>>> print(open('entry_8.txt').read())   # compact mmCIF, C-alpha atoms
# COMPACT_ATOMS: atom_id res chain seq x y z
CA MET A 1 65.80 1.97 -78.87
CA LYS A 2 64.18 5.37 -78.74
CA GLN A 3 66.39 7.99 -77.12
CA PRO A 4 64.73 10.27 -74.54
CA SER A 5 64.07 13.70 -75.92
CA LYS A 6 64.87 16.95 -74.21
CA LYS A 7 61.18 17.33 -73.54
CA ASP A 8 61.25 14.26 -71.30
CA TYR A 9 63.65 16.00 -68.90
CA VAL A 10 61.79 19.26 -68.61
CA TRP A 11 60.45 19.91 -65.07
CA THR A 12 56.83 21.01 -64.93
CA THR A 13 55.19 22.44 -61.82
CA PRO A 14 52.73 19.93 -60.32
CA THR A 15 49.08 20.99 -60.25
CA SER A 16 46.46 20.34 -57.55
CA ALA A 17 45.20 17.53 -59.74
CA ASP A 18 48.59 15.86 -59.38
CA TYR A 19 48.55 16.19 -55.57
CA PHE A 20 44.92 15.23 -54.95
CA PRO A 21 45.35 11.41 -55.04
CA LEU A 22 48.27 11.66 -52.61
CA MET A 23 46.39 14.02 -50.29
CA LYS A 24 43.35 11.77 -50.35
CA THR A 25 45.47 8.74 -49.40
CA THR A 26 47.22 10.68 -46.62
CA TYR A 27 43.95 11.88 -45.10
CA LEU A 28 42.59 8.35 -45.20
CA LEU A 29 45.63 6.99 -43.37
CA ILE A 30 45.34 9.72 -40.72
CA LEU A 31 41.65 8.95 -40.25
CA ILE A 32 42.38 5.24 -39.82
CA ALA A 33 45.07 6.04 -37.25
CA LEU A 34 42.73 8.30 -35.28
CA VAL A 35 39.99 5.69 -35.25
CA GLY A 36 42.50 3.12 -34.04
CA MET A 37 43.60 5.41 -31.23
CA GLY A 38 39.97 5.96 -30.26
CA SER A 39 39.40 2.23 -30.11
CA LEU A 40 42.38 1.83 -27.84
CA GLY A 41 41.03 4.58 -25.62
CA CYS A 42 37.66 2.88 -25.37
CA GLY A 43 39.40 -0.36 -24.54
CA SER A 44 40.95 1.22 -21.49
CA SER A 45 37.69 2.66 -20.16
CA PRO A 46 37.04 2.00 -16.46
CA LYS A 47 34.39 -0.63 -17.06
CA THR A 48 36.51 -2.57 -19.54
CA GLU A 49 39.45 -2.26 -17.20
CA MET A 50 37.33 -3.80 -14.45
CA VAL A 51 36.58 -6.79 -16.65
CA ARG A 52 40.31 -7.20 -17.33
CA GLN A 53 40.91 -7.33 -13.60
CA GLY A 54 38.78 -10.43 -13.36
CA TYR A 55 35.29 -9.16 -12.60
CA PRO A 56 32.34 -10.56 -14.58
CA GLY A 57 31.58 -8.26 -17.52
CA HIS A 58 27.81 -8.59 -17.14
CA TRP A 59 27.98 -6.70 -13.85
CA TRP A 60 28.13 -3.54 -15.99
CA GLN A 61 25.77 -4.64 -18.74
CA ALA A 62 23.16 -2.09 -19.78
CA ILE A 63 19.51 -2.92 -19.19
CA GLU A 64 17.83 -4.13 -22.35
CA GLY A 65 14.39 -2.62 -22.81
CA ASP A 66 12.67 -0.34 -20.34
CA ALA A 67 14.08 -0.07 -16.85
CA ALA A 68 11.80 0.40 -13.87
CA SER A 69 11.21 4.00 -12.84
CA TRP A 70 13.24 3.51 -9.66
CA GLU A 71 16.05 1.52 -11.26
CA ILE A 72 19.66 2.50 -11.85
CA SER A 73 21.23 0.62 -14.75
CA PRO A 74 24.43 -1.38 -14.06
CA ASP A 75 26.28 0.54 -16.79
CA ASP A 76 25.73 3.81 -14.89
CA ALA A 77 28.39 2.84 -12.36
CA GLU A 78 31.30 5.24 -12.05
CA GLU A 79 34.94 4.18 -12.09
CA GLY A 80 35.63 1.64 -9.36
CA GLU A 81 31.93 1.11 -8.62
CA VAL A 82 29.44 -1.68 -9.20
CA ILE A 83 25.65 -1.47 -8.95
CA LEU A 84 24.00 -4.14 -6.79
CA SER A 85 21.49 -4.88 -9.52
CA LYS A 86 18.64 -7.30 -8.93
CA ARG A 87 19.10 -8.39 -12.57
CA ASN A 88 22.20 -10.46 -11.81
CA GLU A 89 23.76 -12.40 -8.95
CA LEU A 90 24.66 -9.19 -7.10
CA GLY A 91 20.97 -8.88 -6.29
CA ILE A 92 21.43 -11.45 -3.55
CA LEU A 93 22.99 -8.64 -1.51
CA SER A 94 19.76 -6.66 -1.75
CA ASN A 95 17.45 -6.62 1.26
CA PHE A 96 14.76 -7.86 -1.15
CA ALA A 97 16.51 -11.20 -1.81
CA PRO A 98 14.79 -14.34 -0.48
CA THR A 99 17.66 -15.35 1.80
CA PRO A 100 16.09 -16.95 4.90
CA PHE A 101 17.99 -16.59 8.14
CA GLU A 102 17.50 -17.11 11.84
CA PHE A 103 18.22 -14.22 14.14
CA GLU A 104 18.02 -14.20 17.92
CA GLY A 105 15.57 -17.07 18.06
CA LYS A 106 13.28 -16.09 15.16
CA LYS A 107 13.21 -16.99 11.48
CA TYR A 108 12.92 -14.38 8.74
CA ALA A 109 12.33 -14.88 5.02
CA SER A 110 14.36 -11.85 3.99
CA LEU A 111 16.18 -8.86 5.38
CA GLU A 112 13.46 -6.63 3.94
CA GLY A 113 10.84 -8.53 5.93
CA PHE A 114 12.92 -8.11 9.08
CA TRP A 115 13.46 -4.42 8.41
CA GLN A 116 9.84 -3.52 7.62
CA SER A 117 8.37 -5.61 10.45
CA MET A 118 9.88 -3.19 12.96
CA LYS A 119 7.32 -0.58 11.85
CA TYR A 120 4.46 -2.84 12.94
CA PRO A 121 2.83 -3.10 16.40
CA GLU A 122 4.39 -5.64 18.72
CA ASP A 123 1.26 -6.13 20.83
CA GLN A 124 -2.04 -4.50 21.78
CA GLU A 125 -0.26 -2.18 24.22
CA ASP A 126 1.83 -0.77 21.38
CA PRO A 127 0.55 2.74 20.46
CA ARG A 128 0.80 1.80 16.78
CA SER A 129 -1.99 -0.73 17.27
CA LYS A 130 -4.42 2.23 17.45
CA TYR A 131 -4.02 2.76 13.72
CA LYS A 132 -6.72 0.95 11.77
CA GLY A 133 -6.28 -1.22 8.72
CA TRP A 134 -2.91 -2.89 9.21
CA PRO A 135 -2.69 -5.34 6.26
CA TYR A 136 -0.49 -7.83 8.12
CA THR A 137 0.60 -8.80 11.57
CA ARG A 138 4.20 -8.20 12.53
CA ALA A 139 4.89 -11.96 12.31
CA GLU A 140 3.44 -12.08 8.79
CA VAL A 141 5.67 -9.24 7.58
CA GLU A 142 8.69 -11.16 8.88
CA GLN A 143 7.93 -13.84 6.28
CA LEU A 144 7.58 -11.49 3.30
CA VAL A 145 10.19 -10.82 0.62
CA ALA A 146 10.97 -8.25 -2.06
CA PHE A 147 8.29 -5.74 -3.10
CA LYS A 148 5.59 -7.37 -1.00
CA ALA A 149 7.65 -6.67 2.12
CA LYS A 150 8.42 -3.16 0.85
CA ARG A 151 4.71 -2.38 0.32
CA ALA A 152 3.95 -3.66 3.82
CA GLY A 153 6.61 -1.26 5.08
CA ASP A 154 5.15 1.62 3.06
CA PHE A 155 1.89 1.13 4.94
CA GLY A 156 3.86 1.11 8.19
CA SER A 157 5.49 4.42 7.27
CA LYS A 158 2.07 5.88 6.49
CA ALA A 159 0.77 4.78 9.89
CA MET A 160 3.82 6.18 11.68
CA LYS A 161 3.35 9.55 10.02
CA ALA A 162 -0.36 9.63 10.89
CA LEU A 163 0.40 8.79 14.52
CA GLY A 164 3.34 11.18 14.79
CA ILE A 165 5.72 8.31 15.52
CA ASP A 166 9.38 8.58 14.51
CA TRP A 167 10.66 5.30 15.93
CA VAL A 168 10.67 1.58 15.17
CA SER A 169 10.92 -1.19 17.71
CA TYR A 170 12.55 -4.54 18.36
CA LYS A 171 11.81 -6.72 21.39
CA GLY A 172 10.03 -3.84 23.06
CA GLU A 173 12.87 -1.36 22.60
CA ARG A 174 12.18 1.81 20.61
CA MET A 175 14.85 3.19 18.30
CA PRO A 176 14.92 6.40 16.22
CA TYR A 177 14.04 5.58 12.61
CA ARG A 178 15.86 8.51 11.02
CA THR A 179 19.19 9.34 12.59
CA SER A 180 22.64 10.19 11.30
CA GLU A 181 24.22 8.16 14.08
CA LYS A 182 25.25 4.53 13.93
CA GLY A 183 23.14 3.78 16.95
CA LYS A 184 21.09 0.80 18.09
CA HIS A 185 19.00 0.59 14.92
CA TYR A 186 22.12 0.57 12.76
CA GLN A 187 23.83 -2.06 14.91
CA LEU A 188 20.70 -4.22 14.83
CA ILE A 189 20.51 -4.10 11.04
CA ARG A 190 24.21 -4.89 10.77
CA ARG A 191 23.86 -7.93 13.03
CA ALA A 192 20.93 -9.18 10.97
CA MET A 193 22.98 -8.76 7.78
CA LEU A 194 25.78 -10.80 9.35
CA ALA A 195 23.25 -13.53 10.14
CA LYS A 196 22.12 -13.49 6.51
CA LEU A 197 25.74 -13.72 5.36
CA ASN A 198 26.73 -16.54 7.70
CA GLN A 199 23.66 -18.64 6.95
CA ASN A 200 23.69 -18.24 3.16
CA THR A 201 26.92 -19.40 1.52
CA GLU A 202 26.18 -17.71 -1.80
CA VAL A 203 25.83 -14.32 -0.10
CA LYS A 204 29.37 -14.52 1.25
CA GLU A 205 30.75 -15.80 -2.07
CA VAL A 206 29.18 -12.98 -4.06
CA LEU A 207 30.21 -10.33 -1.54
CA LEU A 208 33.86 -11.41 -1.62
CA LYS A 209 33.85 -11.36 -5.43
CA THR A 210 33.23 -7.61 -5.24
CA THR A 211 36.50 -7.01 -3.38
CA GLY A 212 38.12 -3.81 -4.60
CA LEU A 213 34.87 -2.22 -5.76
CA ARG A 214 32.63 0.38 -4.17
CA LEU A 215 29.10 -0.94 -3.85
CA LYS A 216 26.14 1.15 -4.98
CA PRO A 217 22.36 0.58 -4.78
CA ASP A 218 20.25 -0.02 -7.87
CA HIS A 219 17.82 2.71 -6.80
CA GLU A 220 18.08 6.40 -5.99
CA GLN A 221 18.89 7.25 -2.41
CA SER A 222 19.44 10.59 -0.75
CA ASP A 223 22.96 11.53 0.27
CA HIS A 224 21.46 12.27 3.69
CA ALA A 225 19.95 8.80 4.18
CA PRO A 226 20.63 7.37 7.66
CA PRO A 227 23.57 4.91 7.90
CA ALA A 228 21.17 2.07 8.76
CA TRP A 229 19.48 2.52 5.38
CA ARG A 230 22.71 2.25 3.38
CA TYR A 231 22.90 -1.52 3.13
CA TYR A 232 25.55 -1.28 0.41
CA LYS A 233 27.92 0.61 2.73
CA ILE A 234 27.29 -1.90 5.51
CA TRP A 235 28.18 -4.71 3.08
CA GLU A 236 31.44 -2.92 2.27
CA GLU A 237 32.28 -2.74 5.98
CA ILE A 238 31.44 -6.42 6.50
CA ARG A 239 33.47 -7.40 3.43
CA ASP A 240 36.49 -5.43 4.59
CA ASP A 241 36.23 -7.01 8.05
CA LEU A 242 36.19 -10.48 6.46
CA LEU A 243 39.26 -9.69 4.39
CA ARG A 244 41.19 -8.34 7.38
CA ARG A 245 40.46 -11.48 9.38
CA HIS A 246 41.81 -13.68 6.59
CA GLN A 247 45.02 -11.73 5.97
>>> encode(input="entry_8.txt", output="structure tokens")
Amino acid sequence: MKQPSKKDYVWTTPTSADYFPLMKTTYLLILIALVGMGSLGCGSSPKTEMVRQGYPGHWWQAIEGDAASWEISPDDAEEGEVILSKRNELGILSNFAPTPFEFEGKKYASLEGFWQSMKYPEDQEDPRSKYKGWPYTRAEVEQLVAFKAKRAGDFGSKAMKALGIDWVSYKGERMPYRTSEKGKHYQLIRRAMLAKLNQNTEVKEVLLKTTGLRLKPDHEQSDHAPPAWRYYKIWEEIRDDLLRRHQ
């Protein structure tokens, strides 16, 4: 057997070439660790956390393709929020949804139809009847849904502005259209929403599934919008009332 020579025991100072493979491996391990930590961080993002709590993941799914100019994407929701997007089942809570209901002796095709009809003349004595070109009667608007009802209401708003009118009416009673108070108009809308809820089982089911979340509209709305316009906040109040009654 060959005996080790003295040369074999001589210590030589390592060069950078000797360290490079080790440094390269170390950097690679650090990079892998950092990526892993980042993945864990993403996994605990608010939206993922919501899914873990039992909410359907598609409630926060980004819109594929081009969104409408007015539309807020579901994935734009902040922590603890959900967008009432018309692209999934949450859209049934929108005023646009075709959820027929009967309210104080009359039938309406949607909450939007009910809402926008209040801008229309009630009879020939109504000062709004002086405006020419109304595309529908009040009764016809009550049977409209979605964007068709909204466009009918846009015409109503145009007529109101031209006539210098700042009120809407219901059963002959005039109510301020833009007010920061939760007055008669607000209470009327809330009662109509309750009728929609109680006469459409799916509406109540979907609303209760949102328990624990703040509801947001799928369209831009001013922070100064009247309470009666904030249907999403009214739904939150109704939902919380339902939960309190069943505690």
>>> closest_atom_pairs(input="entry_8.txt", of="region 104-194 of chain A", to="region 222-226 of chain A", cutoff="12 Å", atoms="all atoms listed in the file", output="tab-separated table")
residue	atom	partner	partner_atom	distance
A:Pro176	CA	A:Pro226	CA	10.3
A:Tyr177	CA	A:Pro226	CA	8.4
A:Arg178	CA	A:Pro226	CA	5.9
A:Thr179	CA	A:Pro226	CA	5.5
A:Ser180	CA	A:Pro226	CA	5.0
A:Glu181	CA	A:Pro226	CA	7.4
A:Lys182	CA	A:Pro226	CA	8.3
A:Gly183	CA	A:Pro226	CA	10.3
A:His185	CA	A:Pro226	CA	10.1
A:Tyr186	CA	A:Pro226	CA	8.6
A:Ile189	CA	A:Pro226	CA	12.0
>>> residues_around(input="entry_8.txt", residues="Lys158 (chain A)", least_positions_apart="3", cutoff="12 Å", atoms="only C-alpha atoms", output="ChimeraX atom specification")
/A:119-120,128,131-134,151-155,161-166
>>> closest_residue(input="entry_8.txt", among="A:Asp76, A:Ala109, A:Ala67, A:Gln187", to="Pro227 (chain A)", atoms="all atoms listed in the file")
A:Gln187
>>> atom_distance(input="entry_8.txt", atom1="CA of Glu142 (chain A)", atom2="CA of Gly113 (chain A)")
4.5 Å
>>> residues_near_point(input="entry_8.txt", point="(22.5, -15.4, 9.4)", cutoff="10 Å", atoms="only C-alpha atoms", output="list of chain:residue names")
A:Thr99, A:Pro100, A:Phe101, A:Glu102, A:Phe103, A:Glu104, A:Lys107, A:Tyr108, A:Leu111, A:Arg191, A:Ala192, A:Met193, A:Leu194, A:Ala195, A:Lys196, A:Leu197, A:Asn198, A:Gln199, A:Asn200, A:Thr201
>>> atom_distance(input="entry_8.txt", atom1="CA of Glu81 (chain A)", atom2="CA of Leu188 (chain A)")
26.5 Å
